[in-house]
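Participant: Contents of upload_2.cif (mmCIF, N, CA and C atoms):
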data_my_file
#
loop_
_atom_site.label_atom_id
_atom_site.label_comp_id
_atom_site.auth_asym_id
_atom_site.auth_seq_id
_atom_site.Cartn_x
_atom_site.Cartn_y
_atom_site.Cartn_z
N MET A 1 15.27 17.28 -10.67
CA MET A 1 14.25 16.95 -9.69
C MET A 1 14.29 18.01 -8.59
N GLY A 2 13.14 18.57 -8.24
CA GLY A 2 13.06 19.60 -7.21
C GLY A 2 13.07 19.02 -5.82
N VAL A 3 13.21 19.89 -4.83
CA VAL A 3 13.24 19.46 -3.44
C VAL A 3 11.97 18.73 -3.05
N ALA A 4 10.82 19.25 -3.47
CA ALA A 4 9.55 18.62 -3.13
C ALA A 4 9.48 17.21 -3.71
N GLU A 5 9.97 17.05 -4.93
CA GLU A 5 9.95 15.74 -5.56
C GLU A 5 10.89 14.78 -4.86
N GLU A 6 12.05 15.27 -4.42
CA GLU A 6 13.01 14.43 -3.74
C GLU A 6 12.49 13.96 -2.40
N SER A 7 11.75 14.82 -1.70
CA SER A 7 11.29 14.47 -0.36
C SER A 7 9.94 13.76 -0.37
N ALA A 8 9.28 13.73 -1.51
CA ALA A 8 7.98 13.07 -1.59
C ALA A 8 8.15 11.57 -1.43
N VAL A 9 7.28 10.98 -0.64
CA VAL A 9 7.31 9.54 -0.42
C VAL A 9 6.07 8.96 -1.07
N TYR A 10 6.28 8.00 -1.93
CA TYR A 10 5.15 7.35 -2.59
C TYR A 10 4.71 6.17 -1.74
N LEU A 11 3.46 6.18 -1.34
CA LEU A 11 2.89 5.06 -0.60
C LEU A 11 2.02 4.27 -1.57
N PRO A 12 2.34 3.02 -1.78
CA PRO A 12 1.53 2.23 -2.72
C PRO A 12 0.15 1.95 -2.13
N VAL A 13 -0.79 1.72 -3.01
CA VAL A 13 -2.15 1.38 -2.60
C VAL A 13 -2.17 -0.11 -2.27
N ASP A 14 -2.37 -0.41 -1.01
CA ASP A 14 -2.46 -1.80 -0.56
C ASP A 14 -3.94 -2.17 -0.54
N ILE A 15 -4.40 -2.73 -1.64
CA ILE A 15 -5.83 -3.01 -1.82
C ILE A 15 -6.36 -3.93 -0.73
N GLU A 16 -5.63 -4.98 -0.43
CA GLU A 16 -6.09 -5.93 0.58
C GLU A 16 -6.18 -5.28 1.96
N GLU A 17 -5.18 -4.50 2.33
CA GLU A 17 -5.17 -3.84 3.65
C GLU A 17 -6.32 -2.83 3.75
N ILE A 18 -6.48 -2.01 2.72
CA ILE A 18 -7.55 -1.01 2.75
C ILE A 18 -8.91 -1.69 2.80
N SER A 19 -9.08 -2.72 2.00
CA SER A 19 -10.34 -3.44 1.97
C SER A 19 -10.64 -4.07 3.32
N SER A 20 -9.66 -4.72 3.89
CA SER A 20 -9.84 -5.37 5.19
C SER A 20 -10.15 -4.36 6.29
N ARG A 21 -9.38 -3.28 6.32
CA ARG A 21 -9.57 -2.26 7.37
C ARG A 21 -10.93 -1.60 7.24
N THR A 22 -11.32 -1.24 6.03
CA THR A 22 -12.61 -0.57 5.88
C THR A 22 -13.76 -1.53 6.18
N ASP A 23 -13.60 -2.80 5.81
CA ASP A 23 -14.62 -3.80 6.16
C ASP A 23 -14.80 -3.89 7.67
N SER A 24 -13.68 -3.95 8.39
CA SER A 24 -13.78 -4.08 9.85
C SER A 24 -14.37 -2.82 10.48
N VAL A 25 -14.03 -1.66 9.96
CA VAL A 25 -14.59 -0.41 10.49
C VAL A 25 -16.09 -0.35 10.22
N LEU A 26 -16.49 -0.70 9.02
CA LEU A 26 -17.91 -0.62 8.68
C LEU A 26 -18.73 -1.68 9.40
N ALA A 27 -18.06 -2.69 9.95
CA ALA A 27 -18.76 -3.70 10.75
C ALA A 27 -18.85 -3.30 12.23
N MET A 28 -18.12 -2.26 12.61
CA MET A 28 -18.16 -1.80 14.01
C MET A 28 -19.55 -1.29 14.34
N ARG A 29 -19.95 -1.54 15.55
CA ARG A 29 -21.25 -1.04 16.02
C ARG A 29 -21.01 0.00 17.09
N MET A 30 -21.82 1.02 17.07
CA MET A 30 -21.67 2.09 18.05
C MET A 30 -21.86 1.58 19.46
N ASP A 31 -22.80 0.69 19.67
CA ASP A 31 -23.11 0.22 21.03
C ASP A 31 -22.05 -0.71 21.61
N THR A 32 -21.15 -1.21 20.78
CA THR A 32 -20.10 -2.09 21.29
C THR A 32 -18.70 -1.54 21.06
N SER A 33 -18.59 -0.34 20.51
CA SER A 33 -17.29 0.27 20.23
C SER A 33 -16.99 1.33 21.29
N THR A 34 -15.78 1.28 21.83
CA THR A 34 -15.37 2.29 22.78
C THR A 34 -14.69 3.44 22.04
N ARG A 35 -14.54 4.55 22.72
CA ARG A 35 -13.84 5.67 22.12
C ARG A 35 -12.40 5.26 21.80
N GLU A 36 -11.83 4.43 22.66
CA GLU A 36 -10.47 3.94 22.43
C GLU A 36 -10.41 3.11 21.14
N ASP A 37 -11.41 2.27 20.90
CA ASP A 37 -11.47 1.48 19.66
C ASP A 37 -11.51 2.41 18.45
N ILE A 38 -12.36 3.41 18.54
CA ILE A 38 -12.56 4.35 17.43
C ILE A 38 -11.28 5.14 17.17
N ASP A 39 -10.72 5.72 18.23
CA ASP A 39 -9.50 6.52 18.08
C ASP A 39 -8.32 5.67 17.64
N GLY A 40 -8.33 4.39 17.97
CA GLY A 40 -7.23 3.51 17.60
C GLY A 40 -7.15 3.20 16.12
N VAL A 41 -8.28 3.19 15.44
CA VAL A 41 -8.30 2.81 14.02
C VAL A 41 -8.42 4.03 13.09
N THR A 42 -8.88 5.14 13.61
CA THR A 42 -9.11 6.32 12.75
C THR A 42 -7.86 6.76 12.00
N PRO A 43 -6.69 6.88 12.63
CA PRO A 43 -5.51 7.33 11.87
C PRO A 43 -5.17 6.43 10.67
N ALA A 44 -5.34 5.14 10.81
CA ALA A 44 -5.04 4.23 9.70
C ALA A 44 -6.01 4.44 8.54
N VAL A 45 -7.28 4.63 8.86
CA VAL A 45 -8.27 4.85 7.79
C VAL A 45 -8.01 6.18 7.10
N VAL A 46 -7.64 7.19 7.86
CA VAL A 46 -7.31 8.50 7.27
C VAL A 46 -6.09 8.35 6.35
N ARG A 47 -5.09 7.57 6.77
CA ARG A 47 -3.91 7.34 5.92
C ARG A 47 -4.31 6.64 4.62
N HIS A 48 -5.18 5.65 4.73
CA HIS A 48 -5.64 4.94 3.51
C HIS A 48 -6.34 5.92 2.57
N LEU A 49 -7.20 6.75 3.14
CA LEU A 49 -7.90 7.74 2.32
C LEU A 49 -6.90 8.69 1.66
N ASN A 50 -5.93 9.13 2.42
CA ASN A 50 -4.92 10.05 1.90
C ASN A 50 -4.13 9.42 0.76
N VAL A 51 -3.79 8.15 0.88
CA VAL A 51 -3.06 7.44 -0.18
C VAL A 51 -3.92 7.42 -1.45
N LEU A 52 -5.18 7.09 -1.31
CA LEU A 52 -6.06 7.03 -2.49
C LEU A 52 -6.25 8.40 -3.12
N LEU A 53 -6.30 9.44 -2.31
CA LEU A 53 -6.44 10.79 -2.84
C LEU A 53 -5.21 11.22 -3.64
N GLY A 54 -4.09 10.56 -3.41
CA GLY A 54 -2.87 10.86 -4.16
C GLY A 54 -2.79 10.14 -5.50
N GLU A 55 -3.77 9.31 -5.77
CA GLU A 55 -3.81 8.56 -7.03
C GLU A 55 -4.67 9.29 -8.07
N ASP A 56 -4.45 8.95 -9.33
CA ASP A 56 -5.29 9.49 -10.40
C ASP A 56 -6.57 8.67 -10.43
N LEU A 57 -7.63 9.24 -9.93
CA LEU A 57 -8.92 8.55 -9.88
C LEU A 57 -9.86 9.00 -10.99
N GLY A 58 -9.38 9.89 -11.84
CA GLY A 58 -10.20 10.38 -12.95
C GLY A 58 -11.10 11.54 -12.59
N ALA A 59 -10.78 12.25 -11.52
CA ALA A 59 -11.61 13.37 -11.06
C ALA A 59 -11.68 14.48 -12.10
N ASP A 60 -10.65 14.60 -12.92
CA ASP A 60 -10.65 15.66 -13.94
C ASP A 60 -11.68 15.41 -15.03
N LYS A 61 -12.13 14.16 -15.18
CA LYS A 61 -13.08 13.82 -16.24
C LYS A 61 -14.45 13.43 -15.73
N ASP A 62 -14.57 13.17 -14.44
CA ASP A 62 -15.82 12.67 -13.88
C ASP A 62 -16.27 13.53 -12.71
N PRO A 63 -17.38 14.26 -12.88
CA PRO A 63 -17.83 15.16 -11.81
C PRO A 63 -18.19 14.43 -10.52
N GLN A 64 -18.68 13.20 -10.61
CA GLN A 64 -19.01 12.46 -9.39
C GLN A 64 -17.75 12.09 -8.62
N VAL A 65 -16.73 11.67 -9.33
CA VAL A 65 -15.45 11.36 -8.68
C VAL A 65 -14.86 12.64 -8.10
N ARG A 66 -14.98 13.73 -8.82
CA ARG A 66 -14.48 15.02 -8.34
C ARG A 66 -15.13 15.38 -7.00
N LEU A 67 -16.44 15.15 -6.88
CA LEU A 67 -17.14 15.41 -5.61
C LEU A 67 -16.63 14.51 -4.49
N LEU A 68 -16.41 13.26 -4.80
CA LEU A 68 -15.89 12.32 -3.79
C LEU A 68 -14.49 12.73 -3.34
N VAL A 69 -13.65 13.13 -4.28
CA VAL A 69 -12.30 13.57 -3.94
C VAL A 69 -12.36 14.82 -3.08
N ARG A 70 -13.23 15.73 -3.43
CA ARG A 70 -13.38 16.96 -2.63
C ARG A 70 -13.82 16.62 -1.21
N LYS A 71 -14.77 15.71 -1.08
CA LYS A 71 -15.23 15.29 0.24
C LYS A 71 -14.09 14.63 1.01
N GLY A 72 -13.29 13.81 0.31
CA GLY A 72 -12.15 13.16 0.95
C GLY A 72 -11.13 14.16 1.46
N ARG A 73 -10.86 15.17 0.68
CA ARG A 73 -9.92 16.20 1.13
C ARG A 73 -10.45 16.95 2.34
N THR A 74 -11.75 17.15 2.38
CA THR A 74 -12.36 17.79 3.55
C THR A 74 -12.21 16.90 4.77
N LEU A 75 -12.45 15.60 4.61
CA LEU A 75 -12.37 14.67 5.74
C LEU A 75 -10.96 14.56 6.32
N ILE A 76 -9.93 14.64 5.48
CA ILE A 76 -8.58 14.49 6.01
C ILE A 76 -8.03 15.80 6.57
N ASP A 77 -8.72 16.89 6.36
CA ASP A 77 -8.31 18.18 6.92
C ASP A 77 -8.33 18.08 8.45
N TYR A 78 -7.24 18.48 9.07
CA TYR A 78 -7.14 18.39 10.53
C TYR A 78 -8.27 19.12 11.25
N ARG A 79 -8.77 20.17 10.65
CA ARG A 79 -9.86 20.94 11.29
C ARG A 79 -11.17 20.17 11.30
N GLU A 80 -11.30 19.16 10.47
CA GLU A 80 -12.53 18.37 10.39
C GLU A 80 -12.49 17.11 11.24
N ARG A 81 -11.31 16.73 11.67
CA ARG A 81 -11.16 15.48 12.42
C ARG A 81 -11.65 15.63 13.85
N PRO A 82 -12.09 14.55 14.43
CA PRO A 82 -12.54 14.60 15.83
C PRO A 82 -11.38 14.96 16.76
N THR A 83 -11.71 15.65 17.83
CA THR A 83 -10.74 15.99 18.87
C THR A 83 -11.14 15.24 20.14
N GLU A 84 -10.37 15.42 21.19
CA GLU A 84 -10.70 14.78 22.46
C GLU A 84 -12.06 15.23 22.97
N SER A 85 -12.45 16.45 22.62
CA SER A 85 -13.74 16.96 23.11
C SER A 85 -14.93 16.56 22.23
N THR A 86 -14.65 15.92 21.10
CA THR A 86 -15.74 15.45 20.24
C THR A 86 -16.44 14.29 20.95
N PRO A 87 -17.76 14.32 21.01
CA PRO A 87 -18.47 13.18 21.60
C PRO A 87 -18.15 11.88 20.85
N THR A 88 -18.22 10.77 21.55
CA THR A 88 -17.90 9.46 20.97
C THR A 88 -18.72 9.22 19.70
N PHE A 89 -20.01 9.58 19.74
CA PHE A 89 -20.85 9.38 18.56
C PHE A 89 -20.32 10.16 17.37
N GLY A 90 -19.85 11.38 17.58
CA GLY A 90 -19.29 12.18 16.49
C GLY A 90 -18.02 11.55 15.93
N ALA A 91 -17.17 11.02 16.81
CA ALA A 91 -15.94 10.36 16.36
C ALA A 91 -16.28 9.09 15.58
N TRP A 92 -17.31 8.38 16.04
CA TRP A 92 -17.74 7.16 15.36
C TRP A 92 -18.29 7.49 13.97
N LEU A 93 -19.11 8.53 13.88
CA LEU A 93 -19.64 8.95 12.57
C LEU A 93 -18.53 9.37 11.62
N TYR A 94 -17.56 10.12 12.13
CA TYR A 94 -16.42 10.53 11.30
C TYR A 94 -15.69 9.30 10.76
N LEU A 95 -15.41 8.34 11.64
CA LEU A 95 -14.71 7.13 11.24
C LEU A 95 -15.49 6.38 10.17
N ARG A 96 -16.77 6.22 10.36
CA ARG A 96 -17.60 5.51 9.37
C ARG A 96 -17.66 6.26 8.05
N ASP A 97 -17.83 7.57 8.10
CA ASP A 97 -17.84 8.37 6.87
C ASP A 97 -16.52 8.23 6.12
N THR A 98 -15.43 8.28 6.87
CA THR A 98 -14.10 8.17 6.26
C THR A 98 -13.89 6.78 5.66
N ALA A 99 -14.29 5.76 6.38
CA ALA A 99 -14.14 4.38 5.87
C ALA A 99 -15.02 4.15 4.64
N ALA A 100 -16.25 4.65 4.68
CA ALA A 100 -17.15 4.45 3.54
C ALA A 100 -16.62 5.16 2.29
N LEU A 101 -16.13 6.38 2.46
CA LEU A 101 -15.59 7.11 1.32
C LEU A 101 -14.30 6.44 0.82
N THR A 102 -13.47 5.99 1.73
CA THR A 102 -12.25 5.29 1.35
C THR A 102 -12.60 4.05 0.54
N ARG A 103 -13.60 3.35 0.96
CA ARG A 103 -14.06 2.15 0.26
C ARG A 103 -14.53 2.50 -1.16
N ARG A 104 -15.29 3.58 -1.29
CA ARG A 104 -15.77 3.99 -2.62
C ARG A 104 -14.60 4.37 -3.52
N LEU A 105 -13.64 5.12 -2.98
CA LEU A 105 -12.48 5.52 -3.79
C LEU A 105 -11.61 4.32 -4.13
N LEU A 106 -11.54 3.34 -3.25
CA LEU A 106 -10.79 2.11 -3.56
C LEU A 106 -11.45 1.39 -4.73
N TRP A 107 -12.77 1.33 -4.73
CA TRP A 107 -13.49 0.71 -5.83
C TRP A 107 -13.18 1.45 -7.14
N ILE A 108 -13.22 2.78 -7.10
CA ILE A 108 -12.90 3.57 -8.30
C ILE A 108 -11.47 3.30 -8.75
N TYR A 109 -10.55 3.26 -7.80
CA TYR A 109 -9.14 3.01 -8.11
C TYR A 109 -8.96 1.66 -8.80
N THR A 110 -9.57 0.62 -8.23
CA THR A 110 -9.39 -0.72 -8.81
C THR A 110 -10.06 -0.82 -10.18
N GLU A 111 -11.22 -0.20 -10.34
CA GLU A 111 -11.87 -0.21 -11.65
C GLU A 111 -11.04 0.53 -12.70
N ARG A 112 -10.50 1.67 -12.32
CA ARG A 112 -9.69 2.46 -13.25
C ARG A 112 -8.42 1.74 -13.68
N ASN A 113 -7.92 0.90 -12.80
CA ASN A 113 -6.68 0.20 -13.08
C ASN A 113 -6.89 -1.26 -13.49
N GLY A 114 -8.14 -1.61 -13.81
CA GLY A 114 -8.45 -2.94 -14.31
C GLY A 114 -8.16 -4.06 -13.33
N MET A 115 -8.39 -3.80 -12.06
CA MET A 115 -8.08 -4.80 -11.03
C MET A 115 -9.29 -5.53 -10.51
N GLY A 116 -10.47 -5.20 -10.97
CA GLY A 116 -11.68 -5.84 -10.46
C GLY A 116 -12.09 -5.25 -9.13
N THR A 117 -13.16 -5.76 -8.61
CA THR A 117 -13.73 -5.24 -7.36
C THR A 117 -12.90 -5.68 -6.16
N PRO A 118 -12.63 -4.75 -5.25
CA PRO A 118 -11.85 -5.13 -4.05
C PRO A 118 -12.64 -5.99 -3.10
#
What would the structure in this file look like if it were written as structure tokens?
Facilitator:
Amino acid sequence: MGVAEESAVYLPVDIEEISSRTDSVLAMRMDTSTREDIDGVTPAVVRHLNVLLGEDLGADKDPQVRLLVRKGRTLIDYRERPTESTPTFGAWLYLRDTAALTRRLLWIYTERNGMGTP
């Protein structure tokens, strides 16, 4: 086993947690959400997306999944994430885009693994 393999940490896919978190994010409204609300939940949604991107979602065989995975990798890139200078609306859009994509990848994950719809 190599050093990278020894130091790699496997995070299991918590279907209920991801489903619940993405549901609550997608229910957020811009007019009632503060920047603090948005910034408070964004790291968790990014972590959920990152966990799903580490799973075999069938991207090698399905061009649509491949596009979704590529978009997910772009979203988790630090250069794409909102900063303190990003307007609240931009941070809110990023959060919603990330949650929506996470939700789609969760659906793909559960279907691929015979778990039914989340």
Participant: With the file shown as input, list the residues that the PyMOL selection byres ((chain A and resi 32-48) around 6.5) selects, as a ChimeraX atom specification.
Facilitator: /A:18,28-31,49-53,76,88,91-92,95,98-99,102
Participant: Just the alpha helix (DSSP H) stuff from stretch 27-117 of chain A, please, per backbone DSSP, written as a count of residues only.
Facilitator: 59
Participant: Looking at only C-alpha atoms, which of A:Leu106, A:Val65, A:Asp77, A:Arg112 is the one that sits closest to A:Glu16?
Facilitator: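 Of all the options, A:Leu106 lies closest to A:Glu16.
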Participant: Would you compute the distance between atom C of A:Arg73 and atom CA of A:Ala27? Give it in Å to one decimal.
Facilitator: 23.8 Å
Participant: Between atom CA of A:Arg104 and atom CA of A:Leu68, what distance in Å does the model show, to one decimal?
Facilitator: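 Atom CA of A:Leu68 lies 8.4 Å from atom CA of A:Arg104.
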Participant: Considering all atoms listed in the file, state which residue in the set A:Tyr109, A:Glu17, A:Leu101, A:Arg81 is at the smallest distance from A:Glu55.
Facilitator: A:Tyr109
Participant: Would you work out the distance separating atom C of A:Ile15 from atom CA of A:Tyr94, expressed in Å to one decimal?
Facilitator: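 Atom-to-atom, atom C of A:Ile15 to atom CA of A:Tyr94, that is 21.3 Å.
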Participant: Which of these residues is nearest to A:Ile108, using only N, CA and C atoms: A:Ser19, A:Gly58, A:Arg79, A:Leu93?
Facilitator: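 Result for the nearest residue to A:Ile108: A:Gly58.
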Participant: May I have the centre and edge lengths, in Å to one decimal, of an axis-aligned box around the listed atoms of stretch 10-25 of chain A with 3 Å added to every side, as lines of an AutoDock Vina configuration file?
Facilitator:
center_x = -4.9
center_y = 1.0
center_z = 3.7
size_x = 28.4
size_y = 19.9
size_z = 19.5
